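Colleague: So here's structure-v7.cif, just mmCIF, C-alpha atoms:
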```cif
data_run
#
loop_
_atom_site.label_atom_id
_atom_site.label_comp_id
_atom_site.auth_asym_id
_atom_site.auth_seq_id
_atom_site.Cartn_x
_atom_site.Cartn_y
_atom_site.Cartn_z
CA MET M 1469 99.59 110.21 90.31
CA SER M 1470 96.40 108.16 90.52
CA LEU M 1471 94.76 107.12 93.75
CA GLN M 1472 95.55 103.64 94.94
CA ARG M 1473 92.90 100.97 94.52
CA GLN M 1474 93.45 97.72 96.35
CA VAL M 1475 91.34 94.77 97.43
CA MET M 1476 92.18 94.13 101.05
CA ALA M 1477 92.88 90.55 102.14
CA SER M 1478 90.29 88.86 104.33
CA PRO M 1479 91.44 87.82 107.81
CA LEU M 1480 89.35 84.64 107.99
CA PRO M 1481 88.00 82.19 105.42
CA GLY M 1482 84.38 82.97 106.28
CA LEU M 1483 84.99 86.60 105.42
CA ASP M 1484 86.62 85.84 102.09
CA ALA M 1485 84.04 86.99 99.58
CA ARG M 1486 85.69 85.14 96.76
CA ARG M 1487 85.14 81.87 98.56
CA GLY M 1488 81.89 82.44 100.32
CA PHE M 1489 80.10 84.77 97.97
CA GLY M 1490 80.88 83.37 94.57
CA GLY M 1491 83.47 85.95 93.71
CA GLN M 1492 81.20 88.80 92.84
CA MET M 1493 82.47 91.12 95.49
CA SER M 1494 85.40 92.00 97.65
CA MET M 1495 84.63 92.67 101.29
CA VAL M 1496 86.97 95.63 101.68
CA VAL M 1497 88.38 97.77 98.89
CA ARG M 1498 90.81 100.60 99.42
CA GLY M 1499 90.27 103.65 97.24
CA GLY M 1500 92.66 106.50 97.95
CA GLU M 1501 92.53 107.16 101.67
CA PHE M 1502 89.21 105.40 102.20
CA LEU M 1503 88.21 101.80 102.79
CA PHE M 1504 84.89 100.76 101.31
CA VAL M 1505 83.28 97.82 103.10
CA GLY M 1506 80.57 96.04 101.13
CA GLY M 1507 77.09 95.28 102.45
CA LEU M 1508 77.43 92.49 104.97
CA THR M 1509 74.80 90.18 106.36
CA ALA M 1510 75.45 87.99 109.40
CA VAL M 1511 77.87 85.19 108.60
CA ASP M 1512 80.14 83.02 110.68
CA PRO M 1513 83.62 84.49 110.13
CA ASP M 1514 85.28 81.08 110.08
CA SER M 1515 82.90 79.04 107.96
CA GLY M 1516 81.11 81.77 106.02
CA GLU M 1517 77.81 80.13 106.90
CA ARG M 1518 74.87 82.51 107.02
CA ILE M 1519 73.67 83.07 110.57
CA ARG M 1520 70.01 83.87 111.05
CA GLY M 1521 68.93 85.39 114.32
CA THR M 1522 67.21 88.47 115.68
CA THR M 1523 67.87 91.96 114.39
CA MET M 1524 70.02 92.58 117.44
CA SER M 1525 72.06 89.37 117.20
CA GLU M 1526 72.59 89.78 113.45
CA THR M 1527 73.68 93.40 113.96
CA ARG M 1528 76.17 92.29 116.62
CA ARG M 1529 77.59 89.58 114.37
CA ILE M 1530 77.96 91.95 111.41
CA LEU M 1531 79.65 94.66 113.49
CA ALA M 1532 82.04 92.09 114.94
CA ASN M 1533 82.92 91.00 111.40
CA ILE M 1534 83.38 94.62 110.29
CA LYS M 1535 85.80 95.09 113.18
CA LEU M 1536 87.79 92.06 112.03
CA LEU M 1537 87.84 93.25 108.42
CA LEU M 1538 88.87 96.81 109.25
CA GLU M 1539 91.63 95.73 111.63
CA ALA M 1540 92.96 93.27 109.07
CA ALA M 1541 93.11 96.18 106.65
CA GLY M 1542 95.08 98.32 109.10
CA SER M 1543 92.13 100.45 110.15
CA SER M 1544 89.69 100.26 113.07
CA LEU M 1545 86.14 100.99 114.17
CA ASN M 1546 87.12 104.46 115.33
CA ARG M 1547 88.11 105.37 111.77
CA VAL M 1548 84.68 104.61 110.34
CA VAL M 1549 83.19 107.76 108.83
CA LYS M 1550 79.81 106.50 107.70
CA VAL M 1551 77.57 103.48 108.18
CA ASN M 1552 74.52 102.55 106.12
CA VAL M 1553 72.12 100.10 107.70
CA LEU M 1554 69.37 98.32 105.80
CA LEU M 1555 66.75 96.54 107.86
CA GLN M 1556 64.17 94.07 106.66
CA ASN M 1557 61.85 95.60 109.26
CA MET M 1558 62.27 99.21 110.36
CA LEU M 1559 60.23 98.53 113.49
CA GLU M 1560 63.29 96.69 114.78
CA ALA M 1561 65.55 99.75 114.46
CA PRO M 1562 65.77 100.23 118.25
CA GLU M 1563 67.28 96.75 118.66
CA MET M 1564 69.82 97.48 115.94
CA ASN M 1565 70.63 100.80 117.56
CA GLU M 1566 71.27 99.17 120.92
CA ALA M 1567 73.80 96.82 119.33
CA PHE M 1568 75.62 99.83 117.89
CA ALA M 1569 75.94 101.51 121.26
CA GLY M 1570 77.85 98.53 122.57
CA PHE M 1571 80.25 98.52 119.67
CA PHE M 1572 81.41 101.77 118.23
CA PRO M 1573 83.76 103.86 120.32
CA GLU M 1574 82.91 107.48 121.08
CA PRO M 1575 82.13 109.53 119.15
CA PRO M 1576 80.22 107.36 116.69
CA PRO M 1577 80.34 107.68 112.89
CA ALA M 1578 77.60 109.21 110.77
CA ARG M 1579 74.81 106.78 109.95
CA THR M 1580 71.70 106.30 107.84
CA VAL M 1581 69.15 103.59 108.52
CA CYS M 1582 66.27 102.49 106.32
CA GLY M 1583 64.07 99.50 105.60
CA ALA M 1584 64.27 97.48 102.39
CA CYS M 1585 63.96 93.92 101.15
CA LEU M 1586 67.17 92.02 101.88
CA PRO M 1587 68.47 88.86 100.20
CA HIS M 1588 68.60 85.37 101.73
CA GLY M 1589 66.20 86.13 104.58
CA ALA M 1590 68.63 88.45 106.31
CA ARG M 1591 67.19 90.88 108.83
CA VAL M 1592 70.13 93.30 108.69
CA MET M 1593 72.66 94.43 106.11
CA ILE M 1594 75.42 96.92 106.93
CA GLU M 1595 77.98 98.65 104.75
CA CYS M 1596 80.46 101.27 105.84
CA THR M 1597 83.22 103.60 104.76
CA ALA M 1598 86.32 104.19 106.86
CA LEU M 1599 89.64 105.96 106.63
CA ALA M 1600 92.40 103.56 105.78
CA MET V 948 92.06 114.16 108.83
CA TYR V 949 89.08 112.78 110.81
CA GLU V 950 86.79 115.33 112.40
CA VAL V 951 83.40 114.95 114.03
CA ILE V 952 81.00 117.70 112.97
CA THR V 953 78.81 118.42 115.97
CA ALA V 954 75.27 119.71 115.74
CA PRO V 955 75.31 123.47 115.04
CA LEU V 956 71.94 123.79 116.77
CA PRO V 957 70.59 121.58 119.55
CA GLY V 958 67.69 120.18 117.51
CA LEU V 959 70.10 118.61 115.05
CA ASP V 960 71.60 116.38 117.73
CA LEU V 961 69.51 113.31 116.93
CA ARG V 962 71.46 111.27 119.41
CA ARG V 963 70.41 113.49 122.26
CA HIS V 964 66.78 113.61 121.16
CA TYR V 965 66.22 110.14 119.78
CA GLY V 966 69.10 108.02 120.98
CA HIS V 967 70.38 107.40 117.46
CA TYR V 968 73.90 106.16 117.94
CA GLN V 969 75.52 108.49 115.40
CA SER V 970 77.26 111.82 114.99
CA PRO V 971 75.65 114.48 112.75
CA ALA V 972 78.51 114.30 110.24
CA ILE V 973 82.14 113.31 109.87
CA ARG V 974 84.71 115.21 107.80
CA ALA V 975 87.55 113.13 106.44
CA GLY V 976 89.67 113.08 103.32
CA GLY V 977 88.16 116.30 101.97
CA LEU V 978 84.61 114.97 102.16
CA ILE V 979 81.76 115.37 104.65
CA PHE V 980 79.62 112.30 105.32
CA CYS V 981 76.30 113.27 106.88
CA SER V 982 73.94 111.08 108.83
CA GLY V 983 70.57 110.72 107.15
CA MET V 984 68.75 113.98 107.73
CA ILE V 985 65.08 114.01 108.71
CA ALA V 986 62.53 116.77 109.24
CA VAL V 987 63.14 117.92 112.78
CA ASP V 988 62.99 121.43 114.16
CA PRO V 989 66.65 122.53 114.27
CA GLN V 990 66.18 124.27 117.62
CA THR V 991 63.98 121.85 119.53
CA GLY V 992 64.52 118.57 117.69
CA GLU V 993 60.77 118.06 117.46
CA ARG V 994 59.64 115.95 114.54
CA GLN V 995 58.04 118.02 111.78
CA HIS V 996 55.89 115.47 110.02
CA GLY V 997 54.09 116.87 107.01
CA THR V 998 53.89 116.39 103.29
CA LEU V 999 56.93 115.14 101.43
CA SER V 1000 57.44 118.72 100.26
CA SER V 1001 57.26 120.31 103.68
CA GLU V 1002 59.54 117.66 105.19
CA ALA V 1003 62.05 118.08 102.35
CA GLN V 1004 62.14 121.82 102.92
CA VAL V 1005 62.95 121.33 106.60
CA ILE V 1006 65.60 118.76 105.68
CA PHE V 1007 67.33 121.04 103.19
CA GLY V 1008 67.26 123.85 105.75
CA ASN V 1009 68.88 121.57 108.29
CA LEU V 1010 71.50 120.35 105.83
CA LYS V 1011 72.33 123.94 104.93
CA LEU V 1012 72.91 124.73 108.62
CA LEU V 1013 74.97 121.59 109.16
CA LEU V 1014 77.13 121.92 106.04
CA GLU V 1015 77.74 125.64 106.48
CA SER V 1016 78.79 125.09 110.09
CA ALA V 1017 81.40 122.70 108.70
CA GLY V 1018 82.67 125.19 106.10
CA SER V 1019 80.77 123.63 103.19
CA SER V 1020 77.41 124.35 101.57
CA LEU V 1021 74.54 122.82 99.58
CA ASP V 1022 76.45 123.87 96.43
CA ARG V 1023 79.20 121.44 97.44
CA LEU V 1024 76.92 118.40 97.62
CA VAL V 1025 78.50 115.48 95.80
CA GLN V 1026 76.06 112.61 96.23
CA VAL V 1027 72.53 112.34 97.56
CA HIS V 1028 70.48 109.30 98.37
CA ALA V 1029 66.93 110.59 98.42
CA LEU V 1030 64.97 108.17 100.59
CA ILE V 1031 61.24 108.42 99.92
CA HIS V 1032 58.50 106.42 101.57
CA ASP V 1033 56.65 105.73 98.32
CA SER V 1034 57.99 105.91 94.78
CA VAL V 1035 54.69 107.47 93.68
CA GLU V 1036 55.99 110.73 95.22
CA TYR V 1037 58.92 110.91 92.83
CA ASP V 1038 57.63 113.98 90.98
CA VAL V 1039 56.77 115.71 94.24
CA LEU V 1040 60.33 115.09 95.40
CA ASN V 1041 61.76 116.55 92.21
CA ARG V 1042 59.67 119.73 92.44
CA VAL V 1043 60.93 120.61 95.91
CA TYR V 1044 64.42 119.16 95.46
CA ARG V 1045 65.31 121.21 92.41
CA GLN V 1046 64.78 124.45 94.33
CA TYR V 1047 67.75 123.66 96.54
CA VAL V 1048 70.26 122.33 94.03
CA ALA V 1049 69.87 124.88 91.25
CA ASN V 1050 73.60 125.71 91.17
CA GLY V 1051 75.01 122.51 89.73
CA PRO V 1052 73.14 119.60 91.34
CA PRO V 1053 74.94 116.59 92.77
CA ALA V 1054 74.69 112.94 91.74
CA ARG V 1055 71.53 111.33 93.06
CA THR V 1056 69.84 107.99 93.51
CA VAL V 1057 66.27 107.75 94.79
CA TRP V 1058 65.54 104.96 97.27
CA ALA V 1059 61.94 103.95 97.89
CA VAL V 1060 62.34 102.50 101.38
CA GLN V 1061 60.88 102.46 104.87
CA ILE V 1062 61.98 105.52 106.79
CA GLU V 1063 62.04 105.97 110.55
CA ALA V 1064 59.11 107.35 112.49
CA GLY V 1065 56.80 107.44 109.49
CA PHE V 1066 58.67 110.23 107.77
CA LYS V 1067 58.02 110.58 104.07
CA VAL V 1068 61.54 111.59 103.09
CA GLN V 1069 65.10 111.48 104.34
CA LEU V 1070 68.25 112.74 102.65
CA ASP V 1071 71.54 110.87 102.97
CA VAL V 1072 74.30 113.09 101.61
CA VAL V 1073 78.00 113.39 101.00
CA ALA V 1074 79.46 116.85 100.38
CA ALA V 1075 82.87 118.18 99.52
CA ALA V 1076 84.43 119.93 102.49
CA MET O 611 94.29 122.42 110.73
CA MET O 612 93.95 123.09 107.03
CA THR O 613 90.81 121.74 105.43
CA GLU O 614 91.43 120.32 101.98
CA LYS O 615 89.09 121.82 99.40
CA LEU O 616 88.68 119.26 96.67
CA ALA O 617 87.62 120.47 93.24
CA ARG O 618 84.06 119.46 92.32
CA SER O 619 82.61 119.11 88.81
CA ALA O 620 79.87 117.28 86.94
CA ILE O 621 80.69 114.42 84.58
CA GLN O 622 78.74 113.56 81.44
CA PRO O 623 78.56 110.50 79.23
CA LYS O 624 79.92 110.96 75.71
CA ASN O 625 76.69 109.38 74.46
CA PRO O 626 74.01 111.99 75.13
CA LEU O 627 71.31 109.33 75.01
CA LEU O 628 72.68 108.06 78.33
CA ASN O 629 72.35 111.47 79.95
CA VAL O 630 68.98 110.96 81.56
CA SER O 631 69.55 113.91 83.89
CA ARG O 632 69.56 116.21 80.89
CA SER O 633 67.09 114.49 78.57
CA ALA O 634 64.47 114.15 81.32
CA ASN O 635 65.34 117.55 82.86
CA LEU O 636 65.96 116.06 86.28
CA PRO O 637 67.68 117.83 89.20
CA HIS O 638 70.84 115.76 89.15
CA VAL O 639 73.84 115.02 86.99
CA PRO O 640 75.10 111.66 85.73
CA GLY O 641 77.97 111.89 88.18
CA ILE O 642 80.19 114.19 90.18
CA ARG O 643 83.96 114.21 90.21
CA VAL O 644 85.36 115.42 93.53
CA GLY O 645 89.11 115.29 93.77
CA ASP O 646 89.92 111.99 92.09
CA TYR O 647 86.70 110.29 93.24
CA LEU O 648 83.67 109.78 91.03
CA PHE O 649 80.20 109.46 92.55
CA LEU O 650 77.69 108.26 89.97
CA SER O 651 73.94 108.72 90.05
CA GLY O 652 71.83 105.59 89.88
CA MET O 653 71.95 104.14 86.39
CA GLY O 654 69.14 102.12 84.83
CA PRO O 655 68.78 99.86 81.78
CA ILE O 656 68.70 102.65 79.17
CA ASP O 657 69.26 101.44 75.63
CA PRO O 658 72.32 103.40 74.43
CA ARG O 659 71.11 103.29 70.84
CA THR O 660 67.67 104.78 71.44
CA GLY O 661 67.62 106.34 74.91
CA GLY O 662 64.60 104.18 75.70
CA ARG O 663 64.42 101.71 78.55
CA ASN O 664 65.38 98.05 78.08
CA HIS O 665 62.85 95.96 79.97
CA GLY O 666 63.88 92.51 78.85
CA PRO O 667 64.98 89.70 81.16
CA ILE O 668 66.91 90.81 84.21
CA ALA O 669 70.19 89.46 82.82
CA GLU O 670 69.87 91.78 79.82
CA GLN O 671 68.93 94.72 82.03
CA ILE O 672 71.97 94.18 84.25
CA ARG O 673 74.19 93.91 81.20
CA THR O 674 72.81 97.09 79.67
CA THR O 675 73.13 98.99 82.95
CA LEU O 676 76.71 97.91 83.61
CA ASN O 677 77.69 98.71 80.02
CA ASN O 678 76.20 102.16 80.50
CA ILE O 679 78.22 102.63 83.68
CA LYS O 680 81.32 101.48 81.79
CA HIS O 681 80.63 104.11 79.14
CA LEU O 682 80.08 106.89 81.68
CA LEU O 683 83.21 106.01 83.64
CA GLU O 684 85.31 105.88 80.47
CA SER O 685 83.84 109.24 79.42
CA ALA O 686 85.14 110.62 82.71
CA GLY O 687 88.64 109.15 82.62
CA SER O 688 87.92 106.07 84.69
CA SER O 689 86.90 102.45 84.09
CA LEU O 690 85.09 99.48 85.62
CA GLU O 691 88.38 98.34 87.16
CA ARG O 692 88.53 101.56 89.18
CA ILE O 693 85.16 101.12 90.87
CA VAL O 694 85.46 100.75 94.65
CA ARG O 695 81.83 100.48 95.71
CA VAL O 696 78.65 99.34 93.96
CA HIS O 697 75.03 99.44 95.02
CA VAL O 698 72.86 97.02 93.06
CA VAL O 699 69.15 97.46 93.52
CA LEU O 700 66.68 94.94 92.13
CA ALA O 701 62.94 95.40 91.86
CA ASP O 702 62.60 91.68 92.59
CA ILE O 703 64.88 90.10 95.22
CA SER O 704 64.54 86.69 93.58
CA HIS O 705 66.67 88.01 90.68
CA VAL O 706 69.82 88.03 92.81
CA GLU O 707 71.30 84.83 91.38
CA GLU O 708 70.70 85.84 87.77
CA MET O 709 72.13 89.26 88.50
CA ASP O 710 75.24 87.68 90.02
CA ARG O 711 75.88 85.59 86.91
CA VAL O 712 75.99 88.64 84.67
CA TYR O 713 77.62 90.94 87.23
CA ARG O 714 80.71 88.79 87.60
CA GLU O 715 81.38 89.00 83.86
CA PHE O 716 82.04 92.70 84.36
CA PHE O 717 84.27 92.35 87.41
CA PRO O 718 86.34 89.20 86.81
CA VAL O 719 89.29 90.30 88.91
CA ASP O 720 89.39 92.16 92.25
CA PRO O 721 85.71 93.14 92.19
CA PRO O 722 84.52 96.20 94.10
CA ALA O 723 82.73 96.16 97.44
CA ARG O 724 79.03 95.61 96.81
CA THR O 725 75.73 96.05 98.58
CA ALA O 726 72.69 94.50 96.94
CA TRP O 727 69.08 94.73 98.00
CA SER O 728 65.56 95.10 96.63
CA MET O 729 63.13 97.99 96.67
CA PRO O 730 60.46 99.35 94.33
CA LEU O 731 61.95 101.01 91.25
CA ARG O 732 60.42 103.61 88.97
CA PHE O 733 59.72 103.37 85.26
CA GLY O 734 59.32 99.59 85.36
CA ASN O 735 63.07 99.14 85.69
CA GLY O 736 64.22 95.76 86.95
CA CYS O 737 67.47 97.17 88.29
CA GLU O 738 69.30 100.33 89.22
CA ILE O 739 73.04 100.44 89.86
CA GLU O 740 75.10 103.16 91.52
CA CYS O 741 78.82 103.29 92.13
CA VAL O 742 81.83 105.13 93.46
CA ALA O 743 85.04 104.96 91.45
CA LEU O 744 88.51 106.45 91.22
CA VAL O 745 89.72 108.24 88.12
CA ASP O 746 92.48 106.42 86.28
#
```
Can the structure from this file be put into structure tokens for me?
Modeller:
Amino acid sequence: MSLQRQVMASPLPGLDARRGFGGQMSMVVRGGEFLFVGGLTAVDPDSGERIRGTTMSETRRILANIKLLLEAAGSSLNRVVKVNVLLQNMLEAPEMNEAFAGFFPEPPPARTVCGACLPHGARVMIECTALA
Amino acid sequence: MYEVITAPLPGLDLRRHYGHYQSPAIRAGGLIFCSGMIAVDPQTGERQHGTLSSEAQVIFGNLKLLLESAGSSLDRLVQVHALIHDSVEYDVLNRVYRQYVANGPPARTVWAVQIEAGFKVQLDVVAAA
Amino acid sequence: MMTEKLARSAIQPKNPLLNVSRSANLPHVPGIRVGDYLFLSGMGPIDPRTGGRNHGPIAEQIRTTLNNIKHLLESAGSSLERIVRVHVVLADISHVEEMDRVYREFFPVDPPARTAWSMPLRFGNGCEIECVALVD
């Protein structure tokens, strides 16, 4: 019997990738027992408008949106197994890290952080994998 | 179902040494998701900056310790993201990398990115439990 | 607590010209099947007829790369529709819009989760794409 694949519904219009992102991606896809959350930059969850701020404020916004997405999919932050963080500037990693400490419950998931060139002037992009 | 893999040796607790808000690895659904591994001394946690080769050797040693403590091994690696500081070191990476994955290597993608603390290489891996 | 031990094996494309791991003697495989999950190595714009690299406009490179992924997945008992996660890397971030136009042709319904960014790529490639999929 094949593993279930399902695009999870978005809880708010701003987090609906089909509307806000031109339809090229789903925000959360279930594959078997995992949820795969696509790379998110900071957007307003109601309007989908891109929010530009500091590395810390963008990280906070993205993590808040991930929480909304996971809970809408029947999961939660404490079921996240792995987070990948891409930063436009690795020198700002400490600010990103501080935002994490306020968010994830103990013990935190595994994580990898690196610096790369992000689209649309974003300072932070985060993707994660969680148990459904 | 969801299990936190703690550091098998104190140096591999990057949270304790560097404040990285992460666990060393998480086992779930038959897979082990590891935090990006860097070249640190597995006992003391001290950074072991060096050449890409020397750093990669420390990293593979650390991954071996971590995965084996979780009942897995380097032979059970499924996917690797090989983060390198400069894509010009691609051949250097391959020379050292192939020594550790001789028994059926995993899938791999090489990422030429900025790595923390000026390290030349970091390995982000998923293994089968 | 019993730890599940998923079976692990390498997957290969039916078209050997798309097996860069083998042809270039690199320390990886085109993909790994673990349980019913497939983790693919980064795929580039390799011309499936010649094994050489396609360095035309980015739209063509994306098309070639995604067709190669389609071939590899189908060789392994999967398909584009079973992809759950995609990483799209571009050598030039300004190619995002053009990439999107081609990309959505391949995932018209219920597209996978995606992360897209830019970093230097080897071999003059304009793109590299990696994915995780489920077998059929």
Colleague: Pull out every residue of chain V that has at least one atom within 8 Å of chain O, counting only C-alpha atoms, and report them as a VMD selection string.
Modeller: chain V and resid 976 to 977 1023 1025 to 1026 1034 1041 1044 to 1045 1048 to 1049 1051 to 1060 1075 to 1076
Colleague: Care to translate the PyMOL selection byres ((chain V) within 6 of (chain M)) into actual residues of this file, as a ChimeraX atom specification?
Modeller: /V:969-973,981-983,1060-1062
Colleague: For the provided coordinates, the residues matched by the PyMOL selection byres ((chain O) within 12 of (chain M)) should be stated as number ranges by chain.
Modeller: O: 645-648, 687-688, 690-707, 709-731, 741-746
Colleague: Can you measure CA of Ala1590 in chain M to CA of Ser1515 in chain M for me? One decimal in Å is fine.
Modeller: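 If I compute the distance from CA of Ala1590 in chain M to CA of Ser1515 in chain M, I get 17.2 Å.
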Colleague: Measuring atom to atom with all atoms listed in the file, identify which of M:Ile1519, M:Ile1530, M:Ala1600, M:Leu1480 is nearest to Phe1571 in chain M.
Modeller: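 Comparing M:Ile1519, M:Ile1530, M:Ala1600, M:Leu1480 against Phe1571 in chain M, the winner is M:Ile1530.
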Colleague: Name the residues in contact with Val1039 in chain V at a cut-off of 12 Å, using all atoms listed in the file, excluding same-chain residues fewer than 3 positions from it; report them as number ranges by chain.
Modeller: V: 998-1004, 1031-1036, 1042-1046, 1067-1068
Colleague: Just the residues within 9 Å of Lys624 in chain O, please, counting all atoms listed in the file, with nothing from its chain fewer than 6 positions along; format it as JSON, numbers by chain.
Modeller: {"O": [681, 682, 684, 685, 686]}
Colleague: Would you mind putting back N, CA and C atoms on range 685-712 of chain O, then writing it out as a CSV table (one decimal), in the frame of the given file?
Modeller:
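selection09.csv, written as the output of this step:
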```csv
chain,number,residue,atom,x,y,z
O,685,SER,N,84.0,107.8,79.8
O,685,SER,CA,83.8,109.2,79.4
O,685,SER,C,84.5,110.2,80.4
O,686,ALA,N,84.6,109.7,81.7
O,686,ALA,CA,85.1,110.6,82.7
O,686,ALA,C,86.6,110.3,83.1
O,687,GLY,N,87.2,109.5,82.3
O,687,GLY,CA,88.6,109.2,82.6
O,687,GLY,C,88.8,108.1,83.7
O,688,SER,N,87.8,107.2,83.7
O,688,SER,CA,87.9,106.1,84.7
O,688,SER,C,87.6,104.8,83.9
O,689,SER,N,87.2,103.7,84.7
O,689,SER,CA,86.9,102.4,84.1
O,689,SER,C,86.3,101.6,85.1
O,690,LEU,N,85.7,100.4,84.7
O,690,LEU,CA,85.1,99.5,85.6
O,690,LEU,C,86.1,99.0,86.7
O,691,GLU,N,87.4,98.9,86.2
O,691,GLU,CA,88.4,98.3,87.2
O,691,GLU,C,88.7,99.3,88.3
O,692,ARG,N,88.2,100.5,88.2
O,692,ARG,CA,88.5,101.6,89.2
O,692,ARG,C,87.3,101.8,90.1
O,693,ILE,N,86.3,101.0,90.0
O,693,ILE,CA,85.2,101.1,90.9
O,693,ILE,C,85.5,100.5,92.2
O,694,VAL,N,85.2,101.2,93.3
O,694,VAL,CA,85.5,100.8,94.6
O,694,VAL,C,84.2,100.3,95.3
O,695,ARG,N,83.1,100.9,95.0
O,695,ARG,CA,81.8,100.5,95.7
O,695,ARG,C,80.7,100.5,94.7
O,696,VAL,N,79.8,99.5,94.8
O,696,VAL,CA,78.6,99.3,94.0
O,696,VAL,C,77.4,99.1,94.8
O,697,HIS,N,76.3,99.8,94.5
O,697,HIS,CA,75.0,99.4,95.0
O,697,HIS,C,74.2,98.9,93.9
O,698,VAL,N,73.7,97.6,94.1
O,698,VAL,CA,72.9,97.0,93.1
O,698,VAL,C,71.5,96.9,93.7
O,699,VAL,N,70.5,97.5,93.0
O,699,VAL,CA,69.2,97.5,93.5
O,699,VAL,C,68.3,96.7,92.5
O,700,LEU,N,67.6,95.7,93.0
O,700,LEU,CA,66.7,94.9,92.1
O,700,LEU,C,65.2,95.2,92.5
O,701,ALA,N,64.4,95.3,91.5
O,701,ALA,CA,62.9,95.4,91.9
O,701,ALA,C,62.4,94.1,92.5
O,702,ASP,N,63.0,93.0,92.1
O,702,ASP,CA,62.6,91.7,92.6
O,702,ASP,C,63.8,91.0,93.2
O,703,ILE,N,63.7,90.7,94.5
O,703,ILE,CA,64.9,90.1,95.2
O,703,ILE,C,65.2,88.7,94.7
O,704,SER,N,64.3,88.0,94.1
O,704,SER,CA,64.5,86.7,93.6
O,704,SER,C,65.5,86.7,92.4
O,705,HIS,N,65.8,87.9,91.8
O,705,HIS,CA,66.7,88.0,90.7
O,705,HIS,C,68.1,88.0,91.1
O,706,VAL,N,68.4,87.9,92.4
O,706,VAL,CA,69.8,88.0,92.8
O,706,VAL,C,70.8,87.1,92.1
O,707,GLU,N,70.4,85.8,92.0
O,707,GLU,CA,71.3,84.8,91.4
O,707,GLU,C,71.6,85.1,89.9
O,708,GLU,N,70.5,85.5,89.2
O,708,GLU,CA,70.7,85.8,87.8
O,708,GLU,C,71.6,87.1,87.6
O,709,MET,N,71.3,88.0,88.5
O,709,MET,CA,72.1,89.3,88.5
O,709,MET,C,73.6,88.9,88.7
O,710,ASP,N,73.9,88.1,89.7
O,710,ASP,CA,75.2,87.7,90.0
O,710,ASP,C,76.0,87.1,88.8
O,711,ARG,N,75.3,86.3,88.1
O,711,ARG,CA,75.9,85.6,86.9
O,711,ARG,C,76.4,86.6,85.9
O,712,VAL,N,75.6,87.6,85.6
O,712,VAL,CA,76.0,88.6,84.7
O,712,VAL,C,77.0,89.6,85.3
```
